[in-house]
Amino acid sequence: MPDLEQVLSEIAAEMASRPDRGEVATYIPQLGRVDPMRFGIAVSTADGRMLLAGDAEEPFSIQSVSKVFSLTLALGEVGDSLWKRVGREPSGNPFNSIVQLEHENGIPRNPFINAGAIVVSDVLLSGHQPRETIGEILRFLQFLTDDDTIFIDREVAASERATGFRNVALANYMRAFGNLLHAPDMVLGVYFHQCAIAMSCRQLALAGRFLAFDGRNPATGLSVISPGRARRIKALMLTCGHYDGSGDFAFRVGIPGKSGVGGGILAVVPGVASIAVWSPGLNENGNSRLGSIALEKLARAMDWSVFSG
Ligand code: DON
């Protein structure tokens, strides 16, 4: 078996010098200010080791990676009844697309496209003020990592609030179909703030451990969710976690992953490792370009795939 530390440092060195870094997202102006030269990777292993390379300690905007954690909380609150309001199929469309909603009566294809995550935010808002729900999501991440320095970047949230016209359209459209129970403005307040949570690769790899290890935090042995639920969330990450690039990610990398337009990807090798990678430049599907390439190289070097055997 190759030495993981060595593999990570070789990948980080290669990624630092690659010129083909993709395009940093600018539709949320605050994200457009991030340095495209950044690259970080963190791997948390079953035996409790944490391996870091590159800018693995620098916080970045987790954006849509937050959808994995809000989904986990919503399933905890309403269980399988969530699936009456959100589907479980890849959309084959960009993450912010509105086209399928008209034909499918305001029911988003899956919880990871923006429309689906907005419904999940609506579910979490039930019986709470937006501030409480935002706090619940943030505290969940602080609990998973045992790290209360994780914070919400208010400038990113405000920047998205000021420019998030597509999300406003999605929320209003779903409200018209009766698939949002709260005022769109309140639901979007939750959604924009969860997307604006800032975490480092190290923190994100820690937060993903419960998915990699059968619903348990391997450091404490405590159960976060049931093994069956962890399995299903991973199935959704594999099929829908990279939007219309999900098939290609499964083909090239072969493990469940969830990307965000901040350039982060959380990926898990079941029973083996939780991995977070960050590079702000995106490919044509809005997924981290170098992050995807780094994961492909790592998975190949370590022979990590849910399809092997
Ligand atoms: O709603 C948005 O557009 C962003 N807050 C999140 C989108 C995102 O991260 C898509 N991921 N690749």
# chains A, B, ... in the order shown; residues from 1 in each chain; ligands from 1
$ closest_atom_pairs --of "chain A" --to "ligand 1" --cutoff "10 Å" --atoms "only C-alpha atoms and all ligand atoms" --output "tab-separated table"
residue	atom	partner	partner_atom_place_in_ligand_line	distance
A:Ala25	CA	ligand 1	9 (O)	9.4
A:Tyr27	CA	ligand 1	3 (O)	8.1
A:Ile28	CA	ligand 1	3 (O)	7.7
A:Ser61	CA	ligand 1	9 (O)	8.9
A:Ile62	CA	ligand 1	9 (O)	7.4
A:Gln63	CA	ligand 1	9 (O)	4.3
A:Ser64	CA	ligand 1	9 (O)	3.6
A:Val65	CA	ligand 1	9 (O)	6.8
A:Ser66	CA	ligand 1	9 (O)	8.4
A:Lys67	CA	ligand 1	9 (O)	8.8
A:Pro94	CA	ligand 1	10 (C)	8.6
A:Phe95	CA	ligand 1	10 (C)	5.7
A:Asn96	CA	ligand 1	3 (O)	6.3
A:Phe112	CA	ligand 1	10 (C)	8.3
A:Ile113	CA	ligand 1	10 (C)	7.3
A:Asn114	CA	ligand 1	1 (O)	5.6
A:Ala115	CA	ligand 1	1 (O)	8.7
A:Ala117	CA	ligand 1	1 (O)	8.7
A:Ile118	CA	ligand 1	1 (O)	8.7
A:Val156	CA	ligand 1	5 (N)	9.2
A:Ala157	CA	ligand 1	5 (N)	8.5
A:Glu160	CA	ligand 1	5 (N)	6.8
A:Arg161	CA	ligand 1	5 (N)	9.3
A:Thr163	CA	ligand 1	3 (O)	9.6
A:Gly164	CA	ligand 1	3 (O)	7.0
A:Phe165	CA	ligand 1	3 (O)	9.5
A:Arg166	CA	ligand 1	3 (O)	7.9
A:Asn167	CA	ligand 1	1 (O)	6.2
A:Val168	CA	ligand 1	1 (O)	9.7
A:Leu188	CA	ligand 1	1 (O)	9.2
A:Tyr191	CA	ligand 1	5 (N)	7.4
A:Phe192	CA	ligand 1	5 (N)	5.9
A:His193	CA	ligand 1	5 (N)	8.6
A:Gln194	CA	ligand 1	5 (N)	8.3
A:Cys195	CA	ligand 1	5 (N)	5.0
A:Ala196	CA	ligand 1	5 (N)	7.3
A:Gly241	CA	ligand 1	12 (N)	8.6
A:His242	CA	ligand 1	12 (N)	6.8
A:Tyr243	CA	ligand 1	12 (N)	7.5
A:Gly245	CA	ligand 1	12 (N)	9.9
A:Lys258	CA	ligand 1	12 (N)	8.3
A:Ser259	CA	ligand 1	12 (N)	5.2
A:Gly260	CA	ligand 1	9 (O)	3.5
A:Val261	CA	ligand 1	9 (O)	3.8
A:Gly262	CA	ligand 1	9 (O)	6.4
A:Gly263	CA	ligand 1	12 (N)	7.7
A:Gly264	CA	ligand 1	12 (N)	8.6
A:Ile265	CA	ligand 1	12 (N)	9.0
A:Leu282	CA	ligand 1	12 (N)	8.4
A:Asn283	CA	ligand 1	12 (N)	9.7
A:Asn285	CA	ligand 1	12 (N)	7.4
A:Gly286	CA	ligand 1	12 (N)	4.7
A:Asn287	CA	ligand 1	12 (N)	5.1
A:Ser288	CA	ligand 1	12 (N)	7.9
$ select_by_dssp --residues "segment 22-113 of chain A" --states "alpha helix (DSSP H)" --output "compact mmCIF listing (two decimals) with C-alpha atoms, in the first residue's frame"
# COMPACT_ATOMS: atom_id res chain seq x y z
CA SER A 66 -23.48 22.36 3.60
CA LYS A 67 -26.39 20.57 1.90
CA VAL A 68 -25.10 17.19 3.15
CA PHE A 69 -25.36 18.38 6.75
CA SER A 70 -28.72 20.15 6.39
CA LEU A 71 -30.10 17.01 4.73
CA THR A 72 -28.81 14.91 7.63
CA LEU A 73 -30.58 17.20 10.12
CA ALA A 74 -33.83 17.28 8.12
CA LEU A 75 -33.93 13.48 7.88
CA GLY A 76 -33.42 13.40 11.63
CA GLU A 77 -36.39 15.68 12.11
CA VAL A 78 -38.96 14.38 9.62
CA VAL A 99 -36.77 24.02 -15.79
CA GLN A 100 -37.82 20.69 -14.24
CA LEU A 101 -39.82 22.30 -11.46
CA GLU A 102 -42.74 23.24 -13.71
CA HIS A 103 -43.21 19.73 -15.08
$ closest_residue --among "A:Gly127, A:Gly221, A:Gly106, A:Pro111" --to "Leu180 of chain A" --atoms "only C-alpha atoms"
A:Gly106
$ closest_residue --among "A:Thr45, A:Ser223, A:Ser279, A:Asn217" --to "Ala12 of chain A" --atoms "only C-alpha atoms"
A:Ser279
$ residues_around --residues "Asp248 of chain A" --least-positions-apart "3" --cutoff "12 Å" --atoms "only C-alpha atoms" --output "NGL selection string"
:A and (92 or 238-245 or 251-257 or 285 or 287 or 292-293 or 296)
$ atom_distance --atom1 "atom CA of Ile152 of chain A" --atom2 "atom CA of Glu136 of chain A"
12.2 Å
$ closest_residue --among "A:Pro130, A:Gly215, A:Gly48, A:Pro227" --to "Gly189 of chain A" --atoms "only C-alpha atoms"
A:Pro130
$ atom_distance --atom1 "atom CA of Pro29 of chain A" --atom2 "atom CA of Val187 of chain A"
21.3 Å
$ residues_around --residues "Leu206 of chain A" --least-positions-apart "4" --cutoff "8 Å" --atoms "only C-alpha atoms" --output "PyMOL selection string"
chain A and resi 44+144-145+202+274
$ residues_around --residues "segment 183-186 of chain A" --least-positions-apart "5" --cutoff "9 Å" --atoms "only C-alpha atoms" --output "list of chain:residue names"
A:Asp122, A:Leu125, A:Gln129, A:Pro130, A:Val168, A:Ala171, A:Asn172, A:Met174, A:Arg175, A:Tyr191
$ residues_around --residues "Ala46 of chain A" --least-positions-apart "3" --cutoff "7 Å" --atoms "only C-alpha atoms" --output "ChimeraX atom specification"
/A:218,271-273
$ write_last_selection --atoms "N, CA, C and O atoms" --output "PDB file, in the first residue's frame"
ATOM      1  N   PRO A 218     -15.767   8.071  14.716  1.00  0.00           N
ATOM      2  CA  PRO A 218     -14.819   7.046  15.151  1.00  0.00           C
ATOM      3  C   PRO A 218     -13.974   7.485  16.351  1.00  0.00           C
ATOM      4  O   PRO A 218     -13.466   6.643  17.085  1.00  0.00           O
ATOM      5  N   GLY A 271     -15.773   3.239   5.387  1.00  0.00           N
ATOM      6  CA  GLY A 271     -14.966   2.401   6.263  1.00  0.00           C
ATOM      7  C   GLY A 271     -13.488   2.744   6.280  1.00  0.00           C
ATOM      8  O   GLY A 271     -12.721   2.169   7.054  1.00  0.00           O
ATOM      9  N   VAL A 272     -13.084   3.689   5.426  1.00  0.00           N
ATOM     10  CA  VAL A 272     -11.645   3.944   5.263  1.00  0.00           C
ATOM     11  C   VAL A 272     -11.248   5.390   5.585  1.00  0.00           C
ATOM     12  O   VAL A 272     -10.318   5.623   6.357  1.00  0.00           O
ATOM     13  N   ALA A 273     -11.948   6.358   5.016  1.00  0.00           N
ATOM     14  CA  ALA A 273     -11.485   7.745   5.168  1.00  0.00           C
ATOM     15  C   ALA A 273     -12.561   8.761   4.823  1.00  0.00           C
ATOM     16  O   ALA A 273     -13.465   8.489   4.028  1.00  0.00           O
TER      17      ALA A 273
END
$ residues_around --residues "Ala301 of chain A" --least-positions-apart "4" --cutoff "9 Å" --atoms "only C-alpha atoms" --output "compact mmCIF listing (two decimals) with N, CA and C atoms, in the first residue's frame"
# COMPACT_ATOMS: atom_id res chain seq x y z
N MET A 1 0.85 -1.21 0.00
CA MET A 1 0.00 0.00 0.00
C MET A 1 0.88 1.25 0.00
N PRO A 2 0.66 2.20 -0.94
CA PRO A 2 1.48 3.41 -0.94
C PRO A 2 1.30 4.23 0.33
N LEU A 4 0.26 7.15 2.39
CA LEU A 4 -0.76 8.18 2.17
C LEU A 4 -0.18 9.59 2.28
N VAL A 7 1.69 10.36 -0.83
CA VAL A 7 0.77 10.57 -1.96
C VAL A 7 0.16 11.97 -1.87
N GLU A 296 -9.30 12.25 -7.97
CA GLU A 296 -9.10 11.16 -8.93
C GLU A 296 -7.72 10.54 -8.74
N LYS A 297 -6.72 11.39 -8.56
CA LYS A 297 -5.34 10.88 -8.37
C LYS A 297 -5.20 10.14 -7.05
$ closest_residue --among "A:Ile137, A:Val123, A:Ile41, A:Met237" --to "Arg88 of chain A" --atoms "only C-alpha atoms"
A:Met237
$ closest_residue --among "A:Phe60, A:Trp83, A:Phe249, A:Phe151" --to "Pro108 of chain A" --atoms "only C-alpha atoms"
A:Trp83
$ select_by_dssp --residues "segment 136-301 of chain A" --states "strand (DSSP E or B)" --output "MDAnalysis selection string"
chainID A and resid 151:152 197:199 216 223 257:259 264:269 273:278 281:282 288
$ closest_residue --among "A:Leu82, A:Met15, A:Ser226, A:Asp147" --to "Asp214 of chain A" --atoms "only C-alpha atoms"
A:Ser226
